[in-house]
Structure formats: structure tokens, C-alpha cells
$ cat input_23.txt   # compact mmCIF, C-alpha atoms and all ligand atoms
# COMPACT_ATOMS: atom_id res chain seq x y z
CA MET J 1 -8.25 -12.14 -7.75
CA LYS J 2 -6.40 -13.64 -4.81
CA VAL J 3 -3.47 -11.58 -3.57
CA LEU J 4 -0.73 -12.41 -1.07
CA VAL J 5 1.13 -9.55 0.65
CA ILE J 6 4.45 -10.42 2.30
CA GLY J 7 5.39 -8.51 5.46
CA SER J 8 4.02 -7.47 8.85
CA GLY J 9 4.37 -3.72 9.39
CA GLY J 10 2.52 -0.48 8.81
CA ARG J 11 3.77 -0.45 5.23
CA GLU J 12 2.12 -3.80 4.55
CA HIS J 13 -1.05 -2.66 6.31
CA ALA J 14 -1.20 0.33 3.95
CA ILE J 15 -0.65 -1.99 0.95
CA VAL J 16 -3.40 -4.34 2.16
CA ASP J 17 -5.68 -1.33 2.73
CA ALA J 18 -5.04 -0.06 -0.83
CA LEU J 19 -5.68 -3.53 -2.26
CA SER J 20 -8.91 -3.79 -0.28
CA ARG J 21 -10.17 -0.75 -2.24
CA SER J 22 -9.65 -2.61 -5.55
CA ALA J 23 -12.74 -3.84 -7.33
CA GLN J 24 -10.78 -6.79 -8.68
CA VAL J 25 -9.43 -8.22 -5.46
CA ASP J 26 -11.64 -10.81 -3.75
CA LYS J 27 -9.27 -12.21 -1.18
CA ILE J 28 -6.13 -10.87 0.51
CA TYR J 29 -3.68 -12.96 2.50
CA CYS J 30 -0.80 -11.44 4.44
CA ALA J 31 2.26 -13.35 5.65
CA PRO J 32 2.81 -12.99 8.52
CA GLY J 33 0.64 -9.83 8.97
CA ASN J 34 -0.28 -8.33 12.35
CA ALA J 35 -3.42 -7.80 14.43
CA GLY J 36 -4.64 -4.80 12.43
CA ILE J 37 -3.86 -6.37 9.08
CA GLY J 38 -5.84 -9.41 10.24
CA LEU J 39 -9.00 -7.27 10.27
CA GLN J 40 -8.63 -6.62 6.54
CA ALA J 41 -6.84 -9.74 5.31
CA GLU J 42 -6.25 -13.33 6.36
CA ASN J 43 -2.95 -13.60 8.20
CA VAL J 44 -0.75 -16.55 7.27
CA PRO J 45 1.82 -17.66 9.87
CA LEU J 46 4.85 -17.72 7.56
CA LYS J 47 8.01 -15.67 8.01
CA ASP J 48 8.72 -13.07 5.34
CA THR J 49 12.03 -14.77 4.51
CA ASP J 50 10.59 -18.31 4.32
CA VAL J 51 10.78 -18.37 0.53
CA GLU J 52 9.96 -22.08 0.17
CA GLY J 53 7.02 -21.85 2.57
CA LEU J 54 5.63 -18.77 0.85
CA LYS J 55 5.98 -20.34 -2.58
CA ALA J 56 4.26 -23.54 -1.48
CA PHE J 57 1.44 -21.45 0.02
CA ALA J 58 1.01 -19.39 -3.17
CA LEU J 59 0.92 -22.51 -5.33
CA ASP J 60 -1.49 -24.30 -3.00
CA LYS J 61 -3.93 -21.35 -2.77
CA ARG J 62 -3.53 -20.48 -6.48
CA ILE J 63 -2.54 -16.91 -5.62
CA ASP J 64 -2.90 -14.63 -8.66
CA LEU J 65 -0.47 -11.97 -7.48
CA THR J 66 2.02 -11.60 -4.64
CA VAL J 67 3.27 -8.20 -3.41
CA VAL J 68 6.51 -8.03 -1.45
CA GLY J 69 6.96 -5.46 1.35
CA PRO J 70 10.33 -5.99 3.08
CA GLU J 71 13.81 -5.81 1.58
CA ALA J 72 14.78 -8.95 3.49
CA SER J 73 12.34 -11.03 1.42
CA LEU J 74 13.67 -9.51 -1.82
CA ALA J 75 17.29 -10.05 -0.81
CA GLU J 76 16.40 -13.66 0.03
CA GLY J 77 15.35 -14.15 -3.62
CA VAL J 78 11.60 -14.51 -3.16
CA VAL J 79 10.90 -12.92 -6.56
CA ASP J 80 13.32 -15.20 -8.41
CA ALA J 81 11.85 -18.28 -6.72
CA PHE J 82 8.23 -17.28 -7.41
CA ARG J 83 8.93 -16.48 -11.07
CA ALA J 84 10.76 -19.79 -11.55
CA ALA J 85 7.60 -21.48 -10.28
CA GLY J 86 5.43 -19.52 -12.74
CA LEU J 87 3.94 -17.25 -10.06
CA ARG J 88 3.25 -13.55 -10.64
CA ILE J 89 4.98 -11.32 -8.09
CA PHE J 90 5.52 -7.58 -7.60
CA GLY J 91 9.06 -6.88 -6.38
CA HIS J 92 12.62 -6.92 -7.62
CA THR J 93 14.82 -9.89 -8.34
CA LYS J 94 17.73 -10.56 -6.03
CA ALA J 95 20.10 -9.05 -8.63
CA ALA J 96 18.04 -5.85 -8.89
CA THR J 97 17.67 -5.59 -5.10
CA ARG J 98 21.42 -4.90 -4.94
CA ILE J 99 20.51 -1.26 -5.57
CA GLU J 100 19.59 -1.32 -1.87
CA SER J 101 21.42 -4.33 -0.45
CA SER J 102 24.88 -3.30 -1.67
CA LYS J 103 25.94 0.30 -1.05
CA GLU J 104 28.91 -0.22 -3.36
CA PHE J 105 26.78 -1.54 -6.23
CA ALA J 106 24.48 1.49 -5.86
CA LYS J 107 27.40 3.93 -5.71
CA GLU J 108 29.12 2.44 -8.78
CA LEU J 109 25.85 2.56 -10.68
CA MET J 110 25.33 6.24 -9.82
CA ILE J 111 28.86 7.24 -10.80
CA LYS J 112 28.75 5.22 -14.04
CA TYR J 113 25.43 6.70 -15.16
CA GLY J 114 25.93 10.26 -13.88
CA ILE J 115 23.31 10.19 -11.14
CA PRO J 116 24.13 12.90 -8.55
CA THR J 117 25.32 11.53 -5.21
CA ALA J 118 28.01 12.12 -2.56
CA GLY J 119 31.59 11.21 -3.52
CA TYR J 120 32.82 8.00 -1.88
CA LYS J 121 35.52 5.39 -1.52
CA SER J 122 35.10 1.82 -0.30
CA PHE J 123 37.33 -0.25 1.97
CA ASP J 124 37.61 -3.69 3.45
CA ALA J 125 40.79 -3.13 5.46
CA PHE J 126 40.53 -1.30 8.79
CA ASP J 127 43.92 0.43 8.62
CA ALA J 128 43.42 1.82 5.12
CA ALA J 129 39.91 3.03 6.02
CA LEU J 130 41.14 4.73 9.19
CA GLU J 131 43.99 6.40 7.36
CA TYR J 132 41.60 7.71 4.70
CA VAL J 133 39.20 9.10 7.32
CA SER J 134 42.00 10.76 9.30
CA GLY J 135 43.06 12.76 6.29
CA ARG J 136 39.61 14.19 5.61
CA PRO J 137 37.25 16.74 7.16
CA PHE J 138 34.68 15.65 9.73
CA PRO J 139 31.88 14.68 9.99
CA ALA J 140 32.67 11.47 8.12
CA VAL J 141 29.88 9.30 6.75
CA ILE J 142 30.66 5.60 7.23
CA LYS J 143 28.26 3.06 5.78
CA TYR J 144 28.27 -0.68 6.20
CA ASP J 145 27.99 -2.35 2.79
CA GLY J 146 25.03 -4.66 3.18
CA LEU J 147 21.56 -4.80 4.68
CA ALA J 148 22.03 -3.68 8.26
CA ALA J 149 18.47 -2.96 9.39
CA GLY J 150 19.05 0.79 9.48
CA LYS J 151 22.06 0.49 11.79
CA GLY J 152 24.59 0.56 9.01
CA VAL J 153 25.28 4.31 8.84
CA VAL J 154 27.42 6.27 11.27
CA ILE J 155 27.99 10.02 10.96
CA ALA J 156 31.27 10.23 12.87
CA GLN J 157 31.99 13.68 14.35
CA ASP J 158 35.63 12.97 15.15
CA LEU J 159 38.37 10.40 14.72
CA GLU J 160 37.40 8.44 17.84
CA GLU J 161 33.84 7.94 16.62
CA ALA J 162 35.15 6.98 13.20
CA ARG J 163 37.56 4.46 14.72
CA ALA J 164 34.76 2.87 16.76
CA ALA J 165 32.47 2.61 13.74
CA LEU J 166 35.15 1.15 11.49
CA SER J 167 36.10 -1.33 14.17
CA ASP J 168 32.45 -2.47 14.51
CA MET J 169 32.03 -2.84 10.77
CA LEU J 170 35.42 -4.21 9.70
CA LEU J 171 36.86 -6.02 12.69
CA ASP J 172 33.84 -7.30 14.60
CA ALA J 173 32.78 -10.62 13.13
CA THR J 174 29.23 -10.28 14.47
CA PHE J 175 28.47 -7.39 12.11
CA GLY J 176 28.93 -9.37 8.91
CA LYS J 177 31.16 -9.53 5.92
CA GLY J 178 33.16 -6.39 6.58
CA ARG J 179 33.12 -3.81 3.85
CA VAL J 180 32.41 -0.09 4.22
CA VAL J 181 31.71 2.88 2.01
CA ILE J 182 33.04 6.24 3.25
CA GLU J 183 31.17 9.20 1.79
CA ASP J 184 31.43 12.97 1.60
CA TYR J 185 29.13 14.61 4.12
CA LEU J 186 26.15 16.41 2.57
CA SER J 187 23.61 18.69 4.22
CA GLY J 188 20.11 19.89 3.42
CA PRO J 189 16.52 18.69 3.86
CA GLU J 190 15.91 15.03 3.04
CA PHE J 191 12.85 13.65 1.30
CA SER J 192 11.61 10.39 -0.13
CA PHE J 193 10.66 9.81 -3.74
CA LEU J 194 8.88 6.51 -4.30
CA CYS J 195 8.17 5.32 -7.84
CA PHE J 196 6.61 2.22 -9.32
CA VAL J 197 9.13 0.94 -11.85
CA GLU J 198 8.77 -1.61 -14.62
CA GLY J 199 11.99 -1.71 -16.63
CA SER J 200 12.46 1.83 -17.93
CA ASN J 201 8.85 2.84 -17.22
CA VAL J 202 8.72 4.97 -14.07
CA TYR J 203 5.50 6.08 -12.33
CA PRO J 204 6.05 8.66 -9.59
CA MET J 205 4.19 8.76 -6.29
CA PRO J 206 3.71 11.95 -4.24
CA LEU J 207 6.88 13.12 -2.45
CA SER J 208 7.04 12.55 1.28
CA GLN J 209 9.29 13.17 4.25
CA ASP J 210 10.11 10.78 7.07
CA HIS J 211 11.23 11.75 10.62
CA LYS J 212 14.00 9.36 11.62
CA ARG J 213 14.91 10.65 15.10
CA ALA J 214 12.96 9.56 18.15
CA PHE J 215 12.26 12.93 19.75
CA ASP J 216 10.94 16.39 18.90
CA GLY J 217 13.32 18.73 17.14
CA ASP J 218 14.99 15.77 15.40
CA LYS J 219 16.78 14.84 18.61
CA GLY J 220 17.55 11.44 20.04
CA PRO J 221 18.45 8.14 18.46
CA ASN J 222 17.59 7.03 14.93
CA THR J 223 14.43 4.98 14.57
CA GLY J 224 12.64 3.25 11.72
CA GLY J 225 10.64 6.49 11.29
CA MET J 226 8.33 8.39 13.69
CA GLY J 227 6.02 10.05 11.19
CA ALA J 228 5.70 11.26 7.62
CA TYR J 229 3.72 13.64 5.46
CA THR J 230 3.20 14.64 1.84
CA GLY J 231 2.96 18.10 0.30
CA LEU J 232 6.55 19.25 0.91
CA PRO J 233 6.69 23.04 0.47
CA PHE J 234 10.49 23.18 0.15
CA ILE J 235 10.61 21.04 -3.00
CA THR J 236 9.68 23.07 -6.08
CA ALA J 237 8.13 21.69 -9.25
CA ASP J 238 11.55 22.07 -10.91
CA ASP J 239 13.24 20.14 -8.10
CA ARG J 240 10.73 17.36 -8.48
CA GLN J 241 11.16 17.25 -12.24
CA PHE J 242 14.93 17.10 -11.84
CA ALA J 243 14.65 14.29 -9.31
CA PHE J 244 12.28 12.41 -11.60
CA THR J 245 14.24 12.62 -14.85
CA GLU J 246 17.85 12.91 -13.65
CA ILE J 247 17.61 10.47 -10.75
CA MET J 248 14.66 8.08 -10.78
CA CYS J 249 14.30 7.58 -14.57
CA LYS J 250 18.07 7.46 -15.05
CA ALA J 251 18.41 4.83 -12.34
CA ALA J 252 15.67 2.71 -13.91
CA ARG J 253 17.37 2.85 -17.32
CA ALA J 254 20.74 2.14 -15.73
CA MET J 255 19.38 -1.03 -14.16
CA VAL J 256 18.03 -2.13 -17.56
CA SER J 257 21.46 -1.51 -19.12
CA GLU J 258 23.10 -3.50 -16.33
CA GLY J 259 20.88 -6.47 -17.12
CA CYS J 260 18.90 -6.33 -13.87
CA PRO J 261 15.72 -4.37 -14.66
CA LEU J 262 13.54 -3.15 -11.79
CA SER J 263 10.04 -4.56 -11.33
CA GLY J 264 8.70 -3.07 -8.14
CA VAL J 265 9.20 0.13 -6.13
CA LEU J 266 12.31 2.25 -6.37
CA TYR J 267 12.69 4.52 -3.34
CA GLY J 268 15.01 7.49 -3.72
CA GLY J 269 16.23 8.80 -0.38
CA LEU J 270 17.15 12.27 -1.65
CA MET J 271 18.66 15.43 -0.21
CA LYS J 272 18.23 18.99 -1.44
CA THR J 273 21.76 20.34 -1.00
CA ALA J 274 23.08 23.81 -1.85
CA ASP J 275 24.58 22.06 -4.87
CA GLY J 276 21.34 20.50 -6.12
CA ILE J 277 19.40 17.33 -5.38
CA LYS J 278 21.50 14.26 -4.61
CA VAL J 279 20.90 10.64 -3.76
CA ILE J 280 21.62 9.60 -0.18
CA GLU J 281 20.47 6.05 -0.81
CA PHE J 282 18.21 3.94 -2.96
CA ASN J 283 15.87 1.39 -1.50
CA ALA J 284 14.31 -1.42 -3.48
CA ARG J 285 10.91 -1.31 -1.78
CA PHE J 286 8.17 0.89 -0.39
CA GLY J 287 9.34 3.10 2.51
CA ASP J 288 7.97 2.76 6.00
CA PRO J 289 6.34 5.05 7.22
CA GLU J 290 6.17 6.87 3.85
CA THR J 291 3.86 4.25 2.29
CA GLU J 292 1.25 4.90 4.97
CA VAL J 293 0.91 8.54 3.87
CA VAL J 294 1.40 8.02 0.13
CA LEU J 295 -0.94 5.15 -0.74
CA PRO J 296 -4.09 6.72 0.80
CA LEU J 297 -3.73 9.37 -1.94
CA LEU J 298 -3.92 6.83 -4.76
CA GLU J 299 -7.16 7.09 -6.68
CA SER J 300 -6.34 4.43 -9.28
CA ASP J 301 -6.82 0.71 -8.65
CA ILE J 302 -3.52 -0.43 -7.17
CA PHE J 303 -4.07 -3.97 -8.42
CA ASP J 304 -3.75 -2.75 -12.03
CA ILE J 305 -0.39 -1.15 -11.26
CA PHE J 306 0.99 -4.13 -9.31
CA ASP J 307 -0.28 -6.55 -11.93
CA ALA J 308 1.24 -4.67 -14.88
CA VAL J 309 4.63 -4.26 -13.19
CA ALA J 310 4.64 -7.90 -12.09
CA SER J 311 3.75 -9.00 -15.62
CA GLY J 312 6.45 -6.90 -17.29
CA ARG J 313 4.13 -4.56 -19.14
CA PRO J 314 3.64 -0.78 -18.86
CA ALA J 315 1.19 0.20 -16.13
CA PRO J 316 -1.73 2.63 -16.43
CA ALA J 317 -0.53 6.05 -15.18
CA PRO J 318 -1.54 6.30 -11.51
CA VAL J 319 -3.97 9.07 -10.57
CA TRP J 320 -3.47 10.82 -7.21
CA LYS J 321 -5.86 12.80 -5.02
CA ASP J 322 -5.29 16.52 -4.73
CA ALA J 323 -4.82 16.52 -0.95
CA VAL J 324 -2.01 16.07 1.53
CA THR J 325 -1.64 13.42 4.21
CA LEU J 326 0.21 13.30 7.50
CA GLY J 327 0.84 10.39 9.82
CA VAL J 328 2.19 10.13 13.35
CA VAL J 329 3.73 6.95 14.72
CA LEU J 330 2.87 5.77 18.23
CA ALA J 331 5.87 3.87 19.55
CA SER J 332 6.51 1.85 22.70
CA LYS J 333 8.19 3.88 25.45
CA GLY J 334 11.90 3.10 25.29
CA TYR J 335 11.95 2.42 21.54
CA PRO J 336 14.36 2.30 19.68
CA GLY J 337 16.09 0.93 22.77
CA LYS J 338 14.60 -1.66 25.11
CA TYR J 339 10.83 -1.61 25.49
CA GLN J 340 8.06 -3.78 26.88
CA LYS J 341 5.34 -5.48 24.88
CA GLY J 342 1.82 -6.41 25.89
CA ALA J 343 0.36 -3.01 26.94
CA VAL J 344 -3.40 -2.88 26.27
CA ILE J 345 -4.55 -0.39 23.61
CA SER J 346 -8.10 0.98 23.44
CA GLY J 347 -10.00 3.87 21.93
CA LEU J 348 -9.16 3.11 18.30
CA ASP J 349 -12.82 2.92 17.29
CA ALA J 350 -13.28 6.60 18.10
CA VAL J 351 -10.39 7.74 15.89
CA GLN J 352 -11.31 9.40 12.60
CA GLY J 353 -8.78 8.75 9.87
CA ARG J 354 -6.77 5.73 8.98
CA ILE J 355 -4.97 3.64 11.55
CA TYR J 356 -2.17 1.44 10.32
CA HIS J 357 -0.88 -1.22 12.66
CA MET J 358 2.89 -1.59 12.82
CA GLY J 359 3.40 -3.85 15.83
CA THR J 360 0.21 -5.07 17.50
CA ALA J 361 -1.27 -8.40 18.55
CA PHE J 362 -4.49 -9.69 20.08
CA ARG J 363 -4.05 -11.27 23.50
CA ASP J 364 -6.98 -12.62 25.54
CA GLY J 365 -9.37 -10.59 23.43
CA SER J 366 -7.47 -7.31 23.85
CA LEU J 367 -5.36 -5.40 21.37
CA VAL J 368 -1.84 -5.07 22.79
CA THR J 369 1.48 -3.53 21.82
CA ASN J 370 3.78 -6.04 20.16
CA GLY J 371 6.70 -4.07 18.75
CA GLY J 372 8.75 -0.87 18.88
CA ARG J 373 6.61 1.04 16.45
CA VAL J 374 3.02 0.12 17.26
CA LEU J 375 0.48 2.21 15.33
CA MET J 376 0.38 5.04 12.86
CA VAL J 377 -2.55 7.44 12.70
CA VAL J 378 -2.92 9.05 9.27
CA GLY J 379 -5.18 11.91 8.29
CA SER J 380 -5.58 14.11 5.27
CA GLY J 381 -6.29 17.76 4.73
CA SER J 382 -6.22 20.57 2.23
CA ASP J 383 -2.70 21.52 3.35
CA VAL J 384 -0.06 20.31 5.81
CA ALA J 385 -1.27 22.50 8.68
CA ASP J 386 -4.82 21.26 8.24
CA ALA J 387 -3.75 17.59 8.09
CA ARG J 388 -1.50 18.02 11.12
CA GLU J 389 -4.23 19.58 13.23
CA ARG J 390 -6.66 16.79 12.39
CA VAL J 391 -4.22 13.98 13.17
CA TYR J 392 -3.05 15.39 16.51
CA ARG J 393 -6.68 15.91 17.54
CA GLU J 394 -7.41 12.24 16.89
CA LEU J 395 -4.25 10.92 18.58
CA GLY J 396 -5.55 11.88 22.00
CA LYS J 397 -8.30 9.29 21.62
CA VAL J 398 -5.84 6.37 21.57
CA LYS J 399 -5.56 5.01 25.10
CA CYS J 400 -2.45 3.08 26.11
CA ASP J 401 -0.04 3.74 28.96
CA ASN J 402 3.10 2.61 27.19
CA LEU J 403 3.14 4.67 23.99
CA TYR J 404 4.85 7.92 23.01
CA PHE J 405 4.87 10.02 19.84
CA ARG J 406 6.52 13.07 18.36
CA ASN J 407 4.60 16.34 18.60
CA ASP J 408 6.28 18.03 15.68
CA ILE J 409 5.71 15.91 12.58
CA ALA J 410 6.04 18.15 9.49
CA HIS J 411 7.92 20.84 11.44
CA CYS J 412 10.14 21.41 8.35
CA ALA J 413 7.01 22.38 6.44
CA LEU J 414 5.38 24.52 9.13
CA ASP J 415 7.91 26.10 11.49
CA LYS J 416 9.19 29.51 10.61
P1 LIG U 501 21.16 5.78 4.57
O1 LIG U 501 20.93 4.49 5.29
O2 LIG U 501 22.21 5.70 3.52
O3 LIG U 501 19.89 6.41 4.13
O4 LIG U 501 21.65 6.81 5.67
C1 LIG U 501 20.88 7.07 6.83
C2 LIG U 501 20.90 8.54 7.16
O5 LIG U 501 22.24 8.99 7.32
C3 LIG U 501 20.33 9.39 6.04
O6 LIG U 501 18.96 9.49 6.10
C4 LIG U 501 21.03 10.71 6.28
O7 LIG U 501 20.35 11.45 7.26
C5 LIG U 501 22.37 10.30 6.80
N1 LIG U 501 23.34 10.30 5.70
C6 LIG U 501 23.62 9.27 4.87
N2 LIG U 501 24.55 9.61 3.96
C7 LIG U 501 24.86 10.89 4.21
C8 LIG U 501 25.79 11.82 3.61
N3 LIG U 501 26.56 11.48 2.58
N4 LIG U 501 25.84 13.05 4.15
C9 LIG U 501 25.07 13.41 5.20
N5 LIG U 501 24.21 12.58 5.80
C10 LIG U 501 24.10 11.33 5.32
N1 LIG U 502 11.52 5.46 5.95
C1 LIG U 502 12.78 4.88 5.78
C2 LIG U 502 12.79 3.61 5.05
O1 LIG U 502 11.76 3.04 4.72
O2 LIG U 502 13.87 3.12 4.78

$ encode --input "input_23.txt" --output "C-alpha cells" --more "lines below"
Ligand code: AMP
Ligand code: GLY
Amino acid sequence: MKVLVIGSGGREHAIVDALSRSAQVDKIYCAPGNAGIGLQAENVPLKDTDVEGLKAFALDKRIDLTVVGPEASLAEGVVDAFRAAGLRIFGHTKAATRIESSKEFAKELMIKYGIPTAGYKSFDAFDAALEYVSGRPFPAVIKYDGLAAGKGVVIAQDLEEARAALSDMLLDATFGKGRVVIEDYLSGPEFSFLCFVEGSNVYPMPLSQDHKRAFDGDKGPNTGGMGAYTGLPFITADDRQFAFTEIMCKAARAMVSEGCPLSGVLYGGLMKTADGIKVIEFNARFGDPETEVVLPLLESDIFDIFDAVASGRPAPAPVWKDAVTLGVVLASKGYPGKYQKGAVISGLDAVQGRIYHMGTAFRDGSLVTNGGRVLMVVGSGSDVADARERVYRELGKVKCDNLYFRNDIAHCALDK
């Protein structure tokens, strides 16, 4: 089988790595890929949103199956275009991707089908939004209604912060179309529940937790994610069962009822509040960096799962290893603000465990940094403490003078 993976980050590297363990896959292409992915697949210089280019490539190379990583490709309609051309593809249609790309669509769906989430109201007029916020307790959660590359959520602590956020989202033309959702503020530990979904068939993956802030102790600015792990001790078997049946399965059935069935990954960004588990957001794709810790635990052949979902038939139930994984992201100093690219990286050969490349390139024969998040080192163990110790031991072997990482990945699981 010839497979094309669309995307260029650590998530796509983990997908390529899982596909490379399949007995059925002979050839993997990745568009556009990165330096590390290029060691396991053939990189194709096409942008992830170049739907026409990707389709022409898949037709020309007679690709058997395409797997989509990023939401931008899904929102661009890559799945619709591939299917119209008779190509098999794993990922949601543009209509189904609204579960991520439109906060209001997702909120209406959850209310209509009784899926637990924070109360909300949506606005497109600045004055009405500001008036609403002023009459409510702070913090206020203000979300831009559309794909905003992770910058679309502001937790405003007071009226001034709320005013600034609403002004950016509703009055500033550069931000986009100008619609916001204002939500009740919830608190509790967050976790990620990724499931393969084909219509109303839902196949859960191990739970994981991301670390969104840049610095230790969950301080500093929000990032794309600085590390993740599986084996969350604070989520009980009952919690997980509730999240599976009352959230993930319900959402899948709701999308069928709405006439836009899912055919890829549904990612529940969930919170365990004092009042039960609630949805913070849905994403229509694999999480990053969650995928890098989840897929190494898959024992089944991932091609069978992708192929079944892409073909609209039930998949074989995935089998998972009885171990936990933990991964730490090495990011360029300065990220998520300004940072430099091109710093030479060495020492990777000595590292035991998996290394997923997030933003690397080869320049003049050397591996160099080429993005904000650069590498993720992933290890496994019998429990979280064991996995954490192994990964941090290996991290010291990576040599590069422009990288930093968090020292406390999995602190929610380990700190007393
Ligand atoms: P989202 O893009 O919707 O996942 O939001 C990004 C982050 O903002 C989440 O991971 C939460 O930490 C926080 N957040 C979003 N919605 C809420 C809420 N209703 N209450 C508290 N925190 C929230
Ligand atoms: N880990 C956060 C995300 O993938 O959206």
C-alpha cells in the first residue's frame, strides 16, 4: 500500500512512525514533512492546504490511502476534494470539521444533544458583548469563533482585559470575520480524549494530558504544547466511561443526526470539574503533542484502522500496550515569541526512546532547528514516574545551544 500523510509536525511524524510499523504499508509520502519525517518517509514539497496539488499528487502516484494531520487541511476541504476524485482519505469533511472550526456550531451541537459543556452566549456586536461581560463574574472566557491557531481564547481577569480581547476579535479587521463566544469559566484538571470515529462507531485511544504553558509550574505564555503523557491517575475508570459514552459517543451520533458524520479523529478537550466532566473544546484531528505519546502504545496495525474509517466501515477494535508514555518538547529559546532558526542539533543517535521531529531541517549536512517547537523525546515505562525518569535522562544527550524544555512534565500526576 502507498500512503500519503499530510502535515509537517511531530503529530505527523508519529503518524508516519505508526504507519511504518504496518506490515501492509510499502511506501509512505509526507507533504510537506520535515527533516526527521524524511528519514522514515519521502517528503513531498506541497503545502498542507494546497488541495489541488495534493490531489494531483495522489492521483499521479496512485496513493491507496491519505491521512490528514492538520485542521487547516480539513477546513480547506481536502477530504471532500479527494473523495470527489475517488481517492480514499482519513479525515473529516469540511462540514464535519465545523465541530472544531466553528465554536458556535460545536456549542449548539452540545446543547442540542445534552453533551456537558460550559454555558455560553455568542455575539457579533462589540457593544452587546461588552455589556454582557460587564454584568457577569470574572474571569470571563472569550473565544474567537473560527480557526485561530490557538490564539483565539482569552481568559479575561477584568473588564479591561475583556474590552481589549473583544476589540481584537470584533473590531480589528485583521483578526477575521468577527464573532465571539463568551463562556462560563470552569476549573479543574484538563485532559485529552482522542478517538477514531467512523459515523457512530467510536474507538477510544488512551487518555493523555498536554502542558500548554511555556514554563515550569504552568507559568508563562500559551504554546502549542510543551509535553504530554498517558496514564492519568486523576481520571478514574468511571470518569473515563462517562467521557466515552456521554461525550465522545454522543458527539459522534449527534454528527450523524446532523448529516455530517465523522470519519477521522475526534479530540475531546475535557475538564474534570467539581460538577463532573465537561467539554472545553472539540478538535477534528489528532492532538499535538498528544499523538506522539498515544500512538506508540498502539499494538494493532494502524493502517487497518485508517483504512476502515476512510472506507466508511467499522474498524477492528484497536489493541493498546499496557504501559504509559511521556514526552517532553524541546523548543527554540524565545518560543512562543520570537526565536531564531538554524541552530545545529547533535547527539540524537545516542538517545534511547522515540524522537519525533516537530520543526527541523537539514542544512549543509547538519540537522538544524527550523521552528518554535523543534523535537519531542518520548519514552515509556511501567508508570508515569518511571517514564518521566527515563525521558529526562535521555534529554541531556541532545546537544543544541538554542533549545529549552520544561522540567515538570506530568507534575499533575506526580507532585503531592
Ligand atoms: P480552547 O481553545 O477552547 O481549548 O481553549 C484553550 C484553553 O483555554 C483551554 O485549554 C482551557 O485551559 C482554557 N479554557 C477554555 N474554555 C474555558 C472555560 N470555559 N473555562 C476555563 N478555562 C477555559
Ligand atoms: N494539544 C493541543 C491541540 O492539539 O490542540

$ residues_near_ligand --input "input_23.txt" --ligand "ligand LIG 501 (chain U)" --cutoff "6 Å" --atoms "all atoms listed in the file" --output "PDB file with C-alpha atoms, in the frame of the given file"
ATOM      1  CA  ALA J 118      28.010  12.120  -2.560  1.00  0.00           C
ATOM      2  CA  VAL J 141      29.880   9.300   6.750  1.00  0.00           C
ATOM      3  CA  GLY J 150      19.050   0.790   9.480  1.00  0.00           C
ATOM      4  CA  VAL J 153      25.280   4.310   8.840  1.00  0.00           C
ATOM      5  CA  GLU J 183      31.170   9.200   1.790  1.00  0.00           C
ATOM      6  CA  ASP J 184      31.430  12.970   1.600  1.00  0.00           C
ATOM      7  CA  TYR J 185      29.130  14.610   4.120  1.00  0.00           C
ATOM      8  CA  LEU J 186      26.150  16.410   2.570  1.00  0.00           C
ATOM      9  CA  SER J 187      23.610  18.690   4.220  1.00  0.00           C
ATOM     10  CA  ILE J 280      21.620   9.600  -0.180  1.00  0.00           C
ATOM     11  CA  GLU J 281      20.470   6.050  -0.810  1.00  0.00           C
TER      12      GLU J 281
END

$ closest_residue --input "input_23.txt" --among "J:Ile247, J:Ala106, J:Met205, J:Ala252" --to "Val181 of chain J" --atoms "only C-alpha atoms"
J:Ala106

$ closest_atom_pairs --input "input_23.txt" --of "chain J" --to "ligand LIG 502 (chain U)" --cutoff "10 Å" --atoms "all atoms listed in the file" --output "Markdown table"
| residue | atom | partner | partner_atom | distance |
| --- | --- | --- | --- | --- |
| J:Arg11 | CA | U:LIG502 | O1 | 8.7 |
| J:Pro70 | CA | U:LIG502 | O1 | 9.3 |
| J:Glu71 | CA | U:LIG502 | O2 | 9.5 |
| J:Glu100 | CA | U:LIG502 | O2 | 9.8 |
| J:Ala149 | CA | U:LIG502 | O2 | 8.9 |
| J:Gly150 | CA | U:LIG502 | O2 | 7.4 |
| J:Phe191 | CA | U:LIG502 | N1 | 9.5 |
| J:Ser192 | CA | U:LIG502 | N1 | 7.8 |
| J:Ser208 | CA | U:LIG502 | N1 | 9.6 |
| J:Gln209 | CA | U:LIG502 | N1 | 8.2 |
| J:Asp210 | CA | U:LIG502 | N1 | 5.6 |
| J:His211 | CA | U:LIG502 | N1 | 7.8 |
| J:Lys212 | CA | U:LIG502 | N1 | 7.3 |
| J:Thr223 | CA | U:LIG502 | C1 | 8.9 |
| J:Gly224 | CA | U:LIG502 | C1 | 6.2 |
| J:Gly225 | CA | U:LIG502 | N1 | 5.5 |
| J:Met226 | CA | U:LIG502 | N1 | 8.9 |
| J:Gly227 | CA | U:LIG502 | N1 | 8.9 |
| J:Ala228 | CA | U:LIG502 | N1 | 8.4 |
| J:Tyr267 | CA | U:LIG502 | O1 | 8.2 |
| J:Gly268 | CA | U:LIG502 | O2 | 9.6 |
| J:Gly269 | CA | U:LIG502 | O2 | 8.0 |
| J:Glu281 | CA | U:LIG502 | O2 | 9.1 |
| J:Phe282 | CA | U:LIG502 | O2 | 8.9 |
| J:Asn283 | CA | U:LIG502 | O2 | 6.8 |
| J:Ala284 | CA | U:LIG502 | O2 | 9.4 |
| J:Arg285 | CA | U:LIG502 | O1 | 7.9 |
| J:Phe286 | CA | U:LIG502 | O1 | 6.6 |
| J:Gly287 | CA | U:LIG502 | O1 | 3.3 |
| J:Asp288 | CA | U:LIG502 | O1 | 4.0 |
| J:Pro289 | CA | U:LIG502 | N1 | 5.3 |
| J:Glu290 | CA | U:LIG502 | N1 | 5.9 |
| J:Thr291 | CA | U:LIG502 | O1 | 8.4 |

$ residues_around --input "input_23.txt" --residues "segment 316-327 of chain J" --least-positions-apart "3" --cutoff "6 Å" --atoms "all atoms listed in the file" --output "JSON, numbers by chain"
{"J": [227, 228, 229, 230, 231, 293, 297, 298, 299, 300, 377, 378, 379, 380, 381, 382, 383, 387]}

$ closest_residue --input "input_23.txt" --among "J:Gly217, J:Gly9, J:Thr369, J:Gly353" --to "Arg390 of chain J" --atoms "all atoms listed in the file"
J:Gly353

$ closest_residue --input "input_23.txt" --among "J:Gly371, J:Glu190, J:Glu198, J:Leu87" --to "Ser8 of chain J" --atoms "all atoms listed in the file"
J:Gly371
